[in-house]
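**Student:** To start, I am sharing the structure in question, which I have written as structure tokens.
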Amino acid sequence: MIYAANFKTNHTRKSTAEYIASLSDKIATKNDEDKVYIFPPATALDSYVGDFTIGTQNAYPAQNGAFTGEIGLDQLEEFDIQTILIGHSERREHMAESQEKVAQKFAFFKEQNFEIIYCIGEPLHVREEGFDAVMDYLLAQFDGIDISYEKVIVAYEPIWAIGTGRSATVEEISSTHLALKKAINNKPLLYGGSAKPANIKEISAIDGVDGVLVGSASLDAESFSQMILS
Ligand code: PEP
């Protein structure tokens, strides 16, 4: 299983270092085949050492340059960061990242040989229209994306389940993952949306779920470690 922690705009440089020290202790006995990713805020990127991969939640598709407020490859290379989240619904919505922009970013970081966790997900009104509408919406989020790229991991995150405490049901996750797995040639597929210690066993047992992308329940090292060790 893959366990990925997305801190979003939470944690400082100091609290991230404390978190990583604490998490490392707690997961010392994790299964070797389980992989842990941590996506701290950009200000907390650093050269941490341990049995986990540090990724960036975002970056501008450039080596460096006049892109106020953004970070580029120079800033990532300083800490040997080679993993990025692309297409998260919060960036699509709040930062108005269009599919075209998301695809440009994907192409750039693919060219740099980054590992890419590529996020897709539908809003509630689409889910309410039924399964075919959901799949049409999700498949459109692969426009311009080279899904054959060997270092891509897809994260299916229904927007209505993110940060709401309401996870998708086993049946919703199961049917969506089954269809997505076919569309993405069996690439690793994570589920995201209110995954937490209380539901991790149920979610990880679903066919086609290769891991979880976790927001709220990853912010506390104890809670995230419980998920990893479950
Ligand atoms: C996310 O935003 O990637 C996420 C899954 O958040 P949460 O776990 O809080 O729903």
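The chains in the structure tokens are called A, B, ... from first to last as shown; in each chain the residues are counted from 1, and the ligands are counted from 1 in the order shown.
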Please build the interface table for stretch 22-62 of chain A against stretch 85-99 of chain A with a cut-off of 10 Å, listing for each qualifying residue the nearest atom pair and the distance in Å to one decimal; count only C-alpha atoms, order rows by chain and increasing number, and write it as a Markdown table.
**Tutor:**
| residue | atom | partner | partner_atom | distance |
| --- | --- | --- | --- | --- |
| A:Phe39 | CA | A:Leu85 | CA | 8.1 |
| A:Gly55 | CA | A:Leu85 | CA | 7.4 |
| A:Thr56 | CA | A:Leu85 | CA | 6.5 |
| A:Gln57 | CA | A:Leu85 | CA | 5.1 |
| A:Asn58 | CA | A:Leu85 | CA | 6.1 |
| A:Ala59 | CA | A:Leu85 | CA | 8.8 |
**Student:** Include N, CA and C atoms and write out the residues we just selected as a PDB file, in the first residue's frame.
**Tutor:**
ATOM      1  N   PHE A  39       3.875  15.285   1.828  1.00  0.00           N
ATOM      2  CA  PHE A  39       3.867  16.523   1.049  1.00  0.00           C
ATOM      3  C   PHE A  39       3.670  17.696   2.012  1.00  0.00           C
ATOM      4  N   GLY A  55       7.643  14.952  -1.074  1.00  0.00           N
ATOM      5  CA  GLY A  55       7.258  15.519  -2.360  1.00  0.00           C
ATOM      6  C   GLY A  55       6.777  16.948  -2.182  1.00  0.00           C
ATOM      7  N   THR A  56       6.631  17.634  -3.300  1.00  0.00           N
ATOM      8  CA  THR A  56       6.105  18.989  -3.243  1.00  0.00           C
ATOM      9  C   THR A  56       4.629  18.996  -3.653  1.00  0.00           C
ATOM     10  N   GLN A  57       3.854  19.836  -2.980  1.00  0.00           N
ATOM     11  CA  GLN A  57       2.418  19.914  -3.283  1.00  0.00           C
ATOM     12  C   GLN A  57       2.177  20.615  -4.617  1.00  0.00           C
ATOM     13  N   ASN A  58       3.175  21.384  -5.047  1.00  0.00           N
ATOM     14  CA  ASN A  58       3.023  22.157  -6.265  1.00  0.00           C
ATOM     15  C   ASN A  58       4.385  22.714  -6.669  1.00  0.00           C
ATOM     16  N   ALA A  59       4.530  23.073  -7.916  1.00  0.00           N
ATOM     17  CA  ALA A  59       5.694  23.828  -8.375  1.00  0.00           C
ATOM     18  C   ALA A  59       5.348  24.408  -9.734  1.00  0.00           C
TER      19      ALA A  59
END
**Student:** Report as a PyMOL selection string which protein, DNA and RNA residues come within 8 Å of ligand 1, using only C-alpha atoms and all ligand atoms.
**Tutor:** chain A and resi 5-6+8+88-90+157+161-165+167+191-196+212-218
**Student:** Mind pulling up the distance from atom CA of A:Asp207 to atom CA of A:Glu222?
**Tutor:**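 Atom CA of A:Asp207 lies 26.7 Å from atom CA of A:Glu222.
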**Student:** Looking at A:Glu115, A:Lys201, A:Arg127, A:Val102, which one is nearest to A:Phe142, with distances taken over only C-alpha atoms?
**Tutor:**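 Looking only at the distances to A:Phe142, the closest residue turns out to be A:Val102.
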**Student:** Could you pull out the alpha helix (DSSP H) residues of stretch 40-117 of chain A, going by DSSP on the backbone, and write them as a list of chain:residue names?
**Tutor:**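 In stretch 40-117 of chain A, DSSP puts these residues in alpha helix (DSSP H): A:Leu73, A:Asp74, A:Gln75, A:Leu76, A:Glu77, A:Ser89, A:Glu90, A:Arg91, A:Arg92, A:Glu93, A:His94, A:Gln99, A:Glu100, A:Lys101, A:Val102, A:Ala103, A:Gln104, A:Lys105, A:Phe106, A:Ala107, A:Phe108, A:Phe109, A:Lys110, A:Glu111.
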**Student:** Would you kindly return, as a ChimeraX atom specification, each protein, DNA or RNA residue with an atom no farther than 9 Å from any atom of A:Asp51, considering only C-alpha atoms and excluding same-chain residues fewer than 4 positions away?
**Tutor:** /A:24,27-28,35-36
**Student:** Could you take the residues named above and write them with all heavy atoms, as an mmCIF file, in the first residue's frame?
**Tutor:**
data_model
loop_
_atom_site.group_PDB
_atom_site.id
_atom_site.type_symbol
_atom_site.label_atom_id
_atom_site.label_comp_id
_atom_site.auth_asym_id
_atom_site.auth_seq_id
_atom_site.Cartn_x
_atom_site.Cartn_y
_atom_site.Cartn_z
ATOM 1 N N SER A 24 8.695 8.795 11.946
ATOM 2 C CA SER A 24 9.752 7.805 11.670
ATOM 3 C C SER A 24 9.856 6.791 12.798
ATOM 4 O O SER A 24 9.973 5.588 12.544
ATOM 5 C CB SER A 24 11.101 8.502 11.493
ATOM 6 O OG SER A 24 11.111 9.173 10.286
ATOM 7 N N ILE A 27 6.692 4.444 12.725
ATOM 8 C CA ILE A 27 6.503 3.497 11.610
ATOM 9 C C ILE A 27 7.746 2.634 11.364
ATOM 10 O O ILE A 27 7.867 2.000 10.309
ATOM 11 C CB ILE A 27 6.061 4.201 10.305
ATOM 12 C CG1 ILE A 27 7.141 5.166 9.794
ATOM 13 C CG2 ILE A 27 4.740 4.923 10.502
ATOM 14 C CD1 ILE A 27 6.865 5.693 8.380
ATOM 15 N N ALA A 28 8.629 2.598 12.347
ATOM 16 C CA ALA A 28 9.863 1.801 12.192
ATOM 17 C C ALA A 28 9.543 0.343 11.890
ATOM 18 O O ALA A 28 10.336 -0.354 11.245
ATOM 19 C CB ALA A 28 10.715 1.923 13.442
ATOM 20 N N LYS A 35 4.718 2.023 1.109
ATOM 21 C CA LYS A 35 5.493 3.232 0.800
ATOM 22 C C LYS A 35 4.816 4.450 1.376
ATOM 23 O O LYS A 35 3.592 4.597 1.283
ATOM 24 C CB LYS A 35 5.591 3.393 -0.728
ATOM 25 C CG LYS A 35 6.967 3.044 -1.254
ATOM 26 C CD LYS A 35 7.263 3.664 -2.595
ATOM 27 C CE LYS A 35 8.379 4.712 -2.402
ATOM 28 N NZ LYS A 35 8.688 5.569 -3.461
ATOM 29 N N VAL A 36 5.596 5.322 1.974
ATOM 30 C CA VAL A 36 5.035 6.520 2.615
ATOM 31 C C VAL A 36 5.552 7.772 1.897
ATOM 32 O O VAL A 36 6.752 7.887 1.629
ATOM 33 C CB VAL A 36 5.453 6.554 4.113
ATOM 34 C CG1 VAL A 36 5.003 7.859 4.770
ATOM 35 C CG2 VAL A 36 4.874 5.344 4.856
#
**Student:** With only C-alpha atoms as the basis for distance, which of A:Ile159, A:Ala107, A:Ile54, A:Ile200 is at the shortest distance from A:Phe79?
**Tutor:**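 Using only C-alpha atoms, the shortest distance to A:Phe79 belongs to A:Ile54.
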